[in-house]
Structure formats: structure tokens, C-alpha cells
file model-v4.pdb (PDB, C-alpha atoms)
ATOM      1  CA  MET A 553      32.209  -0.583  -2.901  1.00  0.00           C
ATOM      2  CA  PRO A 554      28.389  -0.648  -3.120  1.00  0.00           C
ATOM      3  CA  LEU A 555      26.392  -3.850  -2.945  1.00  0.00           C
ATOM      4  CA  ALA A 556      25.634  -5.548  -6.241  1.00  0.00           C
ATOM      5  CA  VAL A 557      21.938  -5.575  -7.148  1.00  0.00           C
ATOM      6  CA  GLY A 558      20.327  -8.555  -5.452  1.00  0.00           C
ATOM      7  CA  GLU A 559      23.096  -8.828  -2.858  1.00  0.00           C
ATOM      8  CA  THR A 560      22.251  -8.731   0.849  1.00  0.00           C
ATOM      9  CA  ASP A 561      24.654  -8.019   3.690  1.00  0.00           C
ATOM     10  CA  TYR A 562      24.636  -7.166   7.358  1.00  0.00           C
ATOM     11  CA  ALA A 563      26.865  -5.240   9.755  1.00  0.00           C
ATOM     12  CA  ILE A 564      26.845  -3.454  13.099  1.00  0.00           C
ATOM     13  CA  GLU A 565      26.579   0.300  12.512  1.00  0.00           C
ATOM     14  CA  GLN A 566      25.686   3.523  14.282  1.00  0.00           C
ATOM     15  CA  THR A 567      22.112   4.729  13.547  1.00  0.00           C
ATOM     16  CA  PRO A 568      20.055   7.631  14.936  1.00  0.00           C
ATOM     17  CA  ASP A 569      18.865   5.142  17.581  1.00  0.00           C
ATOM     18  CA  GLY A 570      22.341   3.893  18.564  1.00  0.00           C
ATOM     19  CA  ARG A 571      24.348   0.860  17.493  1.00  0.00           C
ATOM     20  CA  ARG A 572      22.218  -1.526  15.472  1.00  0.00           C
ATOM     21  CA  LEU A 573      22.601  -4.630  13.379  1.00  0.00           C
ATOM     22  CA  ILE A 574      21.839  -3.518   9.822  1.00  0.00           C
ATOM     23  CA  VAL A 575      20.461  -5.909   7.189  1.00  0.00           C
ATOM     24  CA  ARG A 576      20.369  -4.395   3.681  1.00  0.00           C
ATOM     25  CA  ARG A 577      19.795  -5.382   0.074  1.00  0.00           C
ATOM     26  CA  ALA A 578      20.495  -3.554  -3.193  1.00  0.00           C
ATOM     27  CA  VAL A 579      17.367  -3.189  -5.322  1.00  0.00           C
ATOM     28  CA  GLU A 580      17.032  -2.330  -8.994  1.00  0.00           C
ATOM     29  CA  ALA A 581      14.204   0.151  -8.400  1.00  0.00           C
ATOM     30  CA  PRO A 582      14.047   3.865  -7.553  1.00  0.00           C
ATOM     31  CA  VAL A 583      14.067   4.963  -3.909  1.00  0.00           C
ATOM     32  CA  ASP A 584      10.488   6.284  -4.119  1.00  0.00           C
ATOM     33  CA  VAL A 585       9.170   2.972  -5.455  1.00  0.00           C
ATOM     34  CA  VAL A 586      10.828   0.996  -2.649  1.00  0.00           C
ATOM     35  CA  TRP A 587       9.665   3.563  -0.070  1.00  0.00           C
ATOM     36  CA  ASP A 588       6.109   3.152  -1.350  1.00  0.00           C
ATOM     37  CA  VAL A 589       6.272  -0.624  -0.769  1.00  0.00           C
ATOM     38  CA  LEU A 590       7.837  -0.147   2.672  1.00  0.00           C
ATOM     39  CA  THR A 591       5.287   2.400   3.936  1.00  0.00           C
ATOM     40  CA  ASP A 592       2.080   1.010   2.395  1.00  0.00           C
ATOM     41  CA  THR A 593       0.409  -1.047   5.122  1.00  0.00           C
ATOM     42  CA  VAL A 594      -1.619  -2.928   2.515  1.00  0.00           C
ATOM     43  CA  ARG A 595       1.672  -4.454   1.349  1.00  0.00           C
ATOM     44  CA  TRP A 596       3.190  -5.286   4.758  1.00  0.00           C
ATOM     45  CA  SER A 597       1.889  -8.857   4.747  1.00  0.00           C
ATOM     46  CA  GLU A 598       3.324  -9.316   1.229  1.00  0.00           C
ATOM     47  CA  TRP A 599       6.889  -8.618   2.365  1.00  0.00           C
ATOM     48  CA  GLY A 600       6.855  -9.106   6.142  1.00  0.00           C
ATOM     49  CA  PRO A 601       7.291 -12.829   6.887  1.00  0.00           C
ATOM     50  CA  SER A 602       5.901 -12.453  10.410  1.00  0.00           C
ATOM     51  CA  ILE A 603       2.971 -10.117   9.576  1.00  0.00           C
ATOM     52  CA  THR A 604      -0.248 -11.620   8.268  1.00  0.00           C
ATOM     53  CA  ALA A 605      -2.628  -8.652   8.663  1.00  0.00           C
ATOM     54  CA  VAL A 606      -2.673  -4.939   9.528  1.00  0.00           C
ATOM     55  CA  GLU A 607      -5.386  -2.725  10.978  1.00  0.00           C
ATOM     56  CA  LEU A 608      -5.010   1.024  11.304  1.00  0.00           C
ATOM     57  CA  THR A 609      -6.699   3.354  13.757  1.00  0.00           C
ATOM     58  CA  ALA A 610      -6.785   7.109  13.459  1.00  0.00           C
ATOM     59  CA  ARG A 611      -3.574   9.080  13.765  1.00  0.00           C
ATOM     60  CA  ARG A 612      -2.583  10.533  17.125  1.00  0.00           C
ATOM     61  CA  GLY A 613      -4.638  13.610  17.886  1.00  0.00           C
ATOM     62  CA  SER A 614      -7.525  12.625  15.627  1.00  0.00           C
ATOM     63  CA  SER A 615     -11.017  12.373  17.013  1.00  0.00           C
ATOM     64  CA  HIS A 616     -11.696   9.178  15.061  1.00  0.00           C
ATOM     65  CA  SER A 617     -11.026   5.775  16.558  1.00  0.00           C
ATOM     66  CA  VAL A 618     -12.721   3.464  14.084  1.00  0.00           C
ATOM     67  CA  ARG A 619     -10.667   0.400  13.159  1.00  0.00           C
ATOM     68  CA  ARG A 620     -10.317  -0.355   9.491  1.00  0.00           C
ATOM     69  CA  THR A 621      -8.328  -2.854   7.563  1.00  0.00           C
ATOM     70  CA  ALA A 622      -5.444  -1.280   5.699  1.00  0.00           C
ATOM     71  CA  VAL A 623      -7.208  -1.788   2.353  1.00  0.00           C
ATOM     72  CA  GLU A 624     -10.213   0.242   3.515  1.00  0.00           C
ATOM     73  CA  SER A 625      -8.219   2.992   5.190  1.00  0.00           C
ATOM     74  CA  PRO A 626      -7.566   6.334   3.563  1.00  0.00           C
ATOM     75  CA  ASP A 627      -4.405   6.365   5.695  1.00  0.00           C
ATOM     76  CA  ARG A 628      -2.877   3.181   4.350  1.00  0.00           C
ATOM     77  CA  TYR A 629       0.531   4.895   4.147  1.00  0.00           C
ATOM     78  CA  ILE A 630       2.219   5.417   7.487  1.00  0.00           C
ATOM     79  CA  SER A 631       3.542   8.636   8.943  1.00  0.00           C
ATOM     80  CA  ALA A 632       4.833   9.574  12.381  1.00  0.00           C
ATOM     81  CA  GLY A 633       2.039   8.944  14.878  1.00  0.00           C
ATOM     82  CA  SER A 634       0.209   6.309  12.810  1.00  0.00           C
ATOM     83  CA  ARG A 635      -1.253   3.650  15.090  1.00  0.00           C
ATOM     84  CA  GLY A 636      -2.903   0.322  14.680  1.00  0.00           C
ATOM     85  CA  ARG A 637      -2.243  -3.330  15.195  1.00  0.00           C
ATOM     86  CA  VAL A 638      -0.530  -6.130  13.308  1.00  0.00           C
ATOM     87  CA  ARG A 639      -1.331  -9.813  13.417  1.00  0.00           C
ATOM     88  CA  ALA A 640       1.911 -11.689  13.954  1.00  0.00           C
ATOM     89  CA  LEU A 641       2.320 -15.219  12.628  1.00  0.00           C
ATOM     90  CA  GLY A 642      -1.405 -15.418  11.956  1.00  0.00           C
ATOM     91  CA  ALA A 643      -2.246 -15.641  15.626  1.00  0.00           C
ATOM     92  CA  VAL A 644      -1.574 -12.688  17.934  1.00  0.00           C
ATOM     93  CA  TRP A 645      -2.706  -9.091  17.401  1.00  0.00           C
ATOM     94  CA  LEU A 646      -0.121  -6.590  18.638  1.00  0.00           C
ATOM     95  CA  PRO A 647      -0.575  -2.807  18.868  1.00  0.00           C
ATOM     96  CA  PHE A 648       1.907  -0.578  17.054  1.00  0.00           C
ATOM     97  CA  GLU A 649       2.783   3.087  16.763  1.00  0.00           C
ATOM     98  CA  ILE A 650       5.040   4.669  14.142  1.00  0.00           C
ATOM     99  CA  THR A 651       7.483   6.718  16.208  1.00  0.00           C
ATOM    100  CA  SER A 652       9.334   8.421  13.348  1.00  0.00           C
ATOM    101  CA  CYS A 653       8.899   8.573   9.600  1.00  0.00           C
ATOM    102  CA  LYS A 654      11.087  10.958   7.611  1.00  0.00           C
ATOM    103  CA  ASN A 655      13.998  11.057   5.202  1.00  0.00           C
ATOM    104  CA  TYR A 656      13.234   7.543   3.916  1.00  0.00           C
ATOM    105  CA  ARG A 657      13.485   6.011   7.401  1.00  0.00           C
ATOM    106  CA  TRP A 658      10.775   4.872   9.788  1.00  0.00           C
ATOM    107  CA  THR A 659      10.741   3.299  13.230  1.00  0.00           C
ATOM    108  CA  TRP A 660       8.015   1.860  15.367  1.00  0.00           C
ATOM    109  CA  ARG A 661       7.056   0.416  18.713  1.00  0.00           C
ATOM    110  CA  VAL A 662       5.220  -2.904  18.737  1.00  0.00           C
ATOM    111  CA  ALA A 663       3.418  -3.757  21.972  1.00  0.00           C
ATOM    112  CA  ARG A 664       5.174  -0.670  23.429  1.00  0.00           C
ATOM    113  CA  VAL A 665       8.619  -2.141  22.696  1.00  0.00           C
ATOM    114  CA  PRO A 666      11.003  -0.417  20.245  1.00  0.00           C
ATOM    115  CA  ALA A 667      11.141  -2.659  17.180  1.00  0.00           C
ATOM    116  CA  THR A 668      12.948  -2.695  13.825  1.00  0.00           C
ATOM    117  CA  GLY A 669      13.910   0.445  11.988  1.00  0.00           C
ATOM    118  CA  HIS A 670      13.303   0.506   8.222  1.00  0.00           C
ATOM    119  CA  PHE A 671      15.114   2.565   5.597  1.00  0.00           C
ATOM    120  CA  VAL A 672      15.735   3.156   1.907  1.00  0.00           C
ATOM    121  CA  GLU A 673      18.929   4.717   0.529  1.00  0.00           C
ATOM    122  CA  THR A 674      20.139   5.612  -2.931  1.00  0.00           C
ATOM    123  CA  HIS A 675      22.317   3.189  -4.897  1.00  0.00           C
ATOM    124  CA  PRO A 676      23.974   3.553  -8.326  1.00  0.00           C
ATOM    125  CA  ALA A 677      21.563   0.956  -9.765  1.00  0.00           C
ATOM    126  CA  GLY A 678      18.481   2.114  -7.862  1.00  0.00           C
ATOM    127  CA  SER A 679      18.256   1.839  -4.087  1.00  0.00           C
ATOM    128  CA  VAL A 680      19.071  -0.113  -0.956  1.00  0.00           C
ATOM    129  CA  VAL A 681      16.369  -1.299   1.434  1.00  0.00           C
ATOM    130  CA  GLY A 682      17.278  -2.193   4.983  1.00  0.00           C
ATOM    131  CA  PHE A 683      16.315  -2.976   8.530  1.00  0.00           C
ATOM    132  CA  GLU A 684      17.892  -1.875  11.813  1.00  0.00           C
ATOM    133  CA  LEU A 685      17.859  -4.362  14.700  1.00  0.00           C
ATOM    134  CA  PRO A 686      19.123  -4.171  18.256  1.00  0.00           C
ATOM    135  CA  PRO A 687      22.287  -6.330  18.374  1.00  0.00           C
ATOM    136  CA  LEU A 688      20.591  -8.765  20.770  1.00  0.00           C
ATOM    137  CA  ALA A 689      17.981  -9.477  18.056  1.00  0.00           C
ATOM    138  CA  ALA A 690      20.500 -11.193  15.765  1.00  0.00           C
ATOM    139  CA  GLY A 691      18.179 -14.198  15.517  1.00  0.00           C
ATOM    140  CA  TYR A 692      15.805 -12.008  13.505  1.00  0.00           C
ATOM    141  CA  VAL A 693      18.374 -11.497  10.698  1.00  0.00           C
ATOM    142  CA  PRO A 694      16.994 -14.357   8.512  1.00  0.00           C
ATOM    143  CA  VAL A 695      13.502 -12.844   8.720  1.00  0.00           C
ATOM    144  CA  CYS A 696      14.865  -9.440   7.663  1.00  0.00           C
ATOM    145  CA  ARG A 697      16.862 -10.976   4.817  1.00  0.00           C
ATOM    146  CA  ARG A 698      13.678 -12.618   3.531  1.00  0.00           C
ATOM    147  CA  ALA A 699      11.771  -9.340   3.916  1.00  0.00           C
ATOM    148  CA  CYS A 700      14.460  -7.478   1.945  1.00  0.00           C
ATOM    149  CA  ALA A 701      14.205 -10.032  -0.875  1.00  0.00           C
ATOM    150  CA  ARG A 702      10.402  -9.761  -0.930  1.00  0.00           C
ATOM    151  CA  ILE A 703      10.507  -5.952  -0.969  1.00  0.00           C
ATOM    152  CA  ALA A 704      12.982  -6.084  -3.855  1.00  0.00           C
ATOM    153  CA  ALA A 705      10.714  -8.435  -5.816  1.00  0.00           C
ATOM    154  CA  LEU A 706       7.683  -6.201  -5.246  1.00  0.00           C
ATOM    155  CA  ALA A 707       9.549  -3.000  -6.145  1.00  0.00           C
ATOM    156  CA  GLU A 708      11.215  -4.479  -9.220  1.00  0.00           C
ATOM    157  CA  SER A 709       7.989  -5.928 -10.679  1.00  0.00           C
TER     158      SER A 709
END

call {"tool": "encode", "arguments": {"input": "model-v4.pdb", "output": "C-alpha cells"}}
result
Amino acid sequence: MPLAVGETDYAIEQTPDGRRLIVRRAVEAPVDVVWDVLTDTVRWSEWGPSITAVELTARRGSSHSVRRTAVESPDRYISAGSRGRVRALGAVWLPFEITSCKNYRWTWRVARVPATGHFVETHPAGSVVGFELPPLAAGYVPVCRRACARIAALAES
């Protein structure tokens, strides 16, 4: 039985990256609308409780290396190979690289460490947004639940 709109759950499941703790929420918005919120770096600080700013650098293989804030960047939407840095908790800047971005799923490395996976799936009432965490990162579940709720609010407005 699918999640009811507004409902959030979590479970251990197999993902393309192995067994992960999945946090998901049903959203009353189309998949493409939720995907837009999830991949637009301008919006990351709106839904990511631990992210307060984003800067992008040129994509891998590009000859440009100028830093720009996400708002100024023509590449504000991520794709595989996007690089930049995020400011975590308003204090520390950490480098990131998007390692995969296809089929409504993206993953990244933050400070060279594999971090959360992000995905959007179809749902009878719209879509489901979710995060994939290594099982040892269970303490991050409340942060992901809050992020799911914020993404839903942004996508549904």
C-alpha cells in the first residue's frame, strides 16, 4: 500500500549503492516539480536543514573555474560531474561533487566522502521524495525527515 500524501516512513532497502536506510515522503506534486526543487542548488538551503549556502564551480572537464553563488550561476541545476561547495550549519564550507544524476536519482560526495542519495518516484497522488543513507547514519534520519517535509511544502506551493 502506498504512503498517504504527507506521510513519511523509513526502511532498510537495497539501492544501486547497496543496502541503505531510506527516508521517504509522499508529495502531492508531479515528479518533475519535486525533481526541480531537489536539483536546483538555489533551493538547497530552503529544504536542507544543514545547508545554509551553495557555491558552484564549473563542471568537470570545463576550462572555467570561477566560483559563483548558485543564484548567479547558469548551472544552478546539478548534473553528474557538477562541483562546488556547501556551507554546513552556517560555519564550514565543504567541497562536493555530484557523482550520478539520472532517472530521478542523484548522489554526491561531500568532502570526498559518499553522502546521501536523493530520489523522486511516482505516486498515485503525485510523487515520493526520498533520501538514501548508509545504515550507520541513522542519526541523520530526523534531518532527512525535515528535508522531505520542506521539499513537499516547496513543491506543493

call {"tool": "resolve_selection", "arguments": {"input": "model-v4.pdb", "expression": "the PyMOL selection byres ((chain A and resi 584) around 10)", "output": "JSON, numbers by chain"}}
result
{"A": [581, 582, 583, 585, 586, 587, 588, 589, 590, 656, 672, 673, 674, 678, 679, 707]}

call {"tool": "closest_residue", "arguments": {"input": "model-v4.pdb", "among": "A:Ala632, A:Ala563, A:Thr668, A:Gly558", "to": "Ser652 of chain A", "atoms": "all atoms listed in the file"}}
result
A:Ala632

call {"tool": "residues_around", "arguments": {"input": "model-v4.pdb", "residues": "Trp645 of chain A", "least_positions_apart": "5", "cutoff": "10 Å", "atoms": "only C-alpha atoms", "output": "PyMOL selection string"}}
result
chain A and resi 603-607+636-640+663

call {"tool": "resolve_selection", "arguments": {"input": "model-v4.pdb", "expression": "the PyMOL selection byres ((chain A and resi 699) around 10)", "output": "list in words"}}
result
Val575, Arg576, Arg577, Trp596, Ser597, Glu598, Trp599, Gly600, Pro601, Ser602, Val681, Gly682, Phe683, Val693, Pro694, Val695, Cys696, Arg697, Arg698, Cys700, Ala701, Arg702, Ile703, Ala704 and Ala705 of chain A

call {"tool": "write_last_selection", "arguments": {"input": "model-v4.pdb", "atoms": "C-alpha atoms", "output": "short mmCIF file (atom, residue, chain, number, x, y, z; two decimals), in the coordinates of the input"}}
result
data_model
loop_
_atom_site.label_atom_id
_atom_site.label_comp_id
_atom_site.auth_asym_id
_atom_site.auth_seq_id
_atom_site.Cartn_x
_atom_site.Cartn_y
_atom_site.Cartn_z
CA VAL A 575 20.46 -5.91 7.19
CA ARG A 576 20.37 -4.39 3.68
CA ARG A 577 19.80 -5.38 0.07
CA TRP A 596 3.19 -5.29 4.76
CA SER A 597 1.89 -8.86 4.75
CA GLU A 598 3.32 -9.32 1.23
CA TRP A 599 6.89 -8.62 2.37
CA GLY A 600 6.86 -9.11 6.14
CA PRO A 601 7.29 -12.83 6.89
CA SER A 602 5.90 -12.45 10.41
CA VAL A 681 16.37 -1.30 1.43
CA GLY A 682 17.28 -2.19 4.98
CA PHE A 683 16.32 -2.98 8.53
CA VAL A 693 18.37 -11.50 10.70
CA PRO A 694 16.99 -14.36 8.51
CA VAL A 695 13.50 -12.84 8.72
CA CYS A 696 14.86 -9.44 7.66
CA ARG A 697 16.86 -10.98 4.82
CA ARG A 698 13.68 -12.62 3.53
CA CYS A 700 14.46 -7.48 1.94
CA ALA A 701 14.20 -10.03 -0.88
CA ARG A 702 10.40 -9.76 -0.93
CA ILE A 703 10.51 -5.95 -0.97
CA ALA A 704 12.98 -6.08 -3.86
CA ALA A 705 10.71 -8.44 -5.82
#

call {"tool": "atom_distance", "arguments": {"input": "model-v4.pdb", "atom1": "atom CA of Pro687 of chain A", "atom2": "atom CA of Leu608 of chain A"}}
result
29.1 Å

call {"tool": "residues_around", "arguments": {"input": "model-v4.pdb", "residues": "Thr659 of chain A", "least_positions_apart": "3", "cutoff": "6 Å", "atoms": "all atoms listed in the file", "output": "list of chain:residue names"}}
result
A:Ile650, A:Thr651, A:Ser652, A:Gly669

call {"tool": "atom_distance", "arguments": {"input": "model-v4.pdb", "atom1": "atom CA of Glu559 of chain A", "atom2": "atom CA of Arg628 of chain A"}}
result
29.5 Å
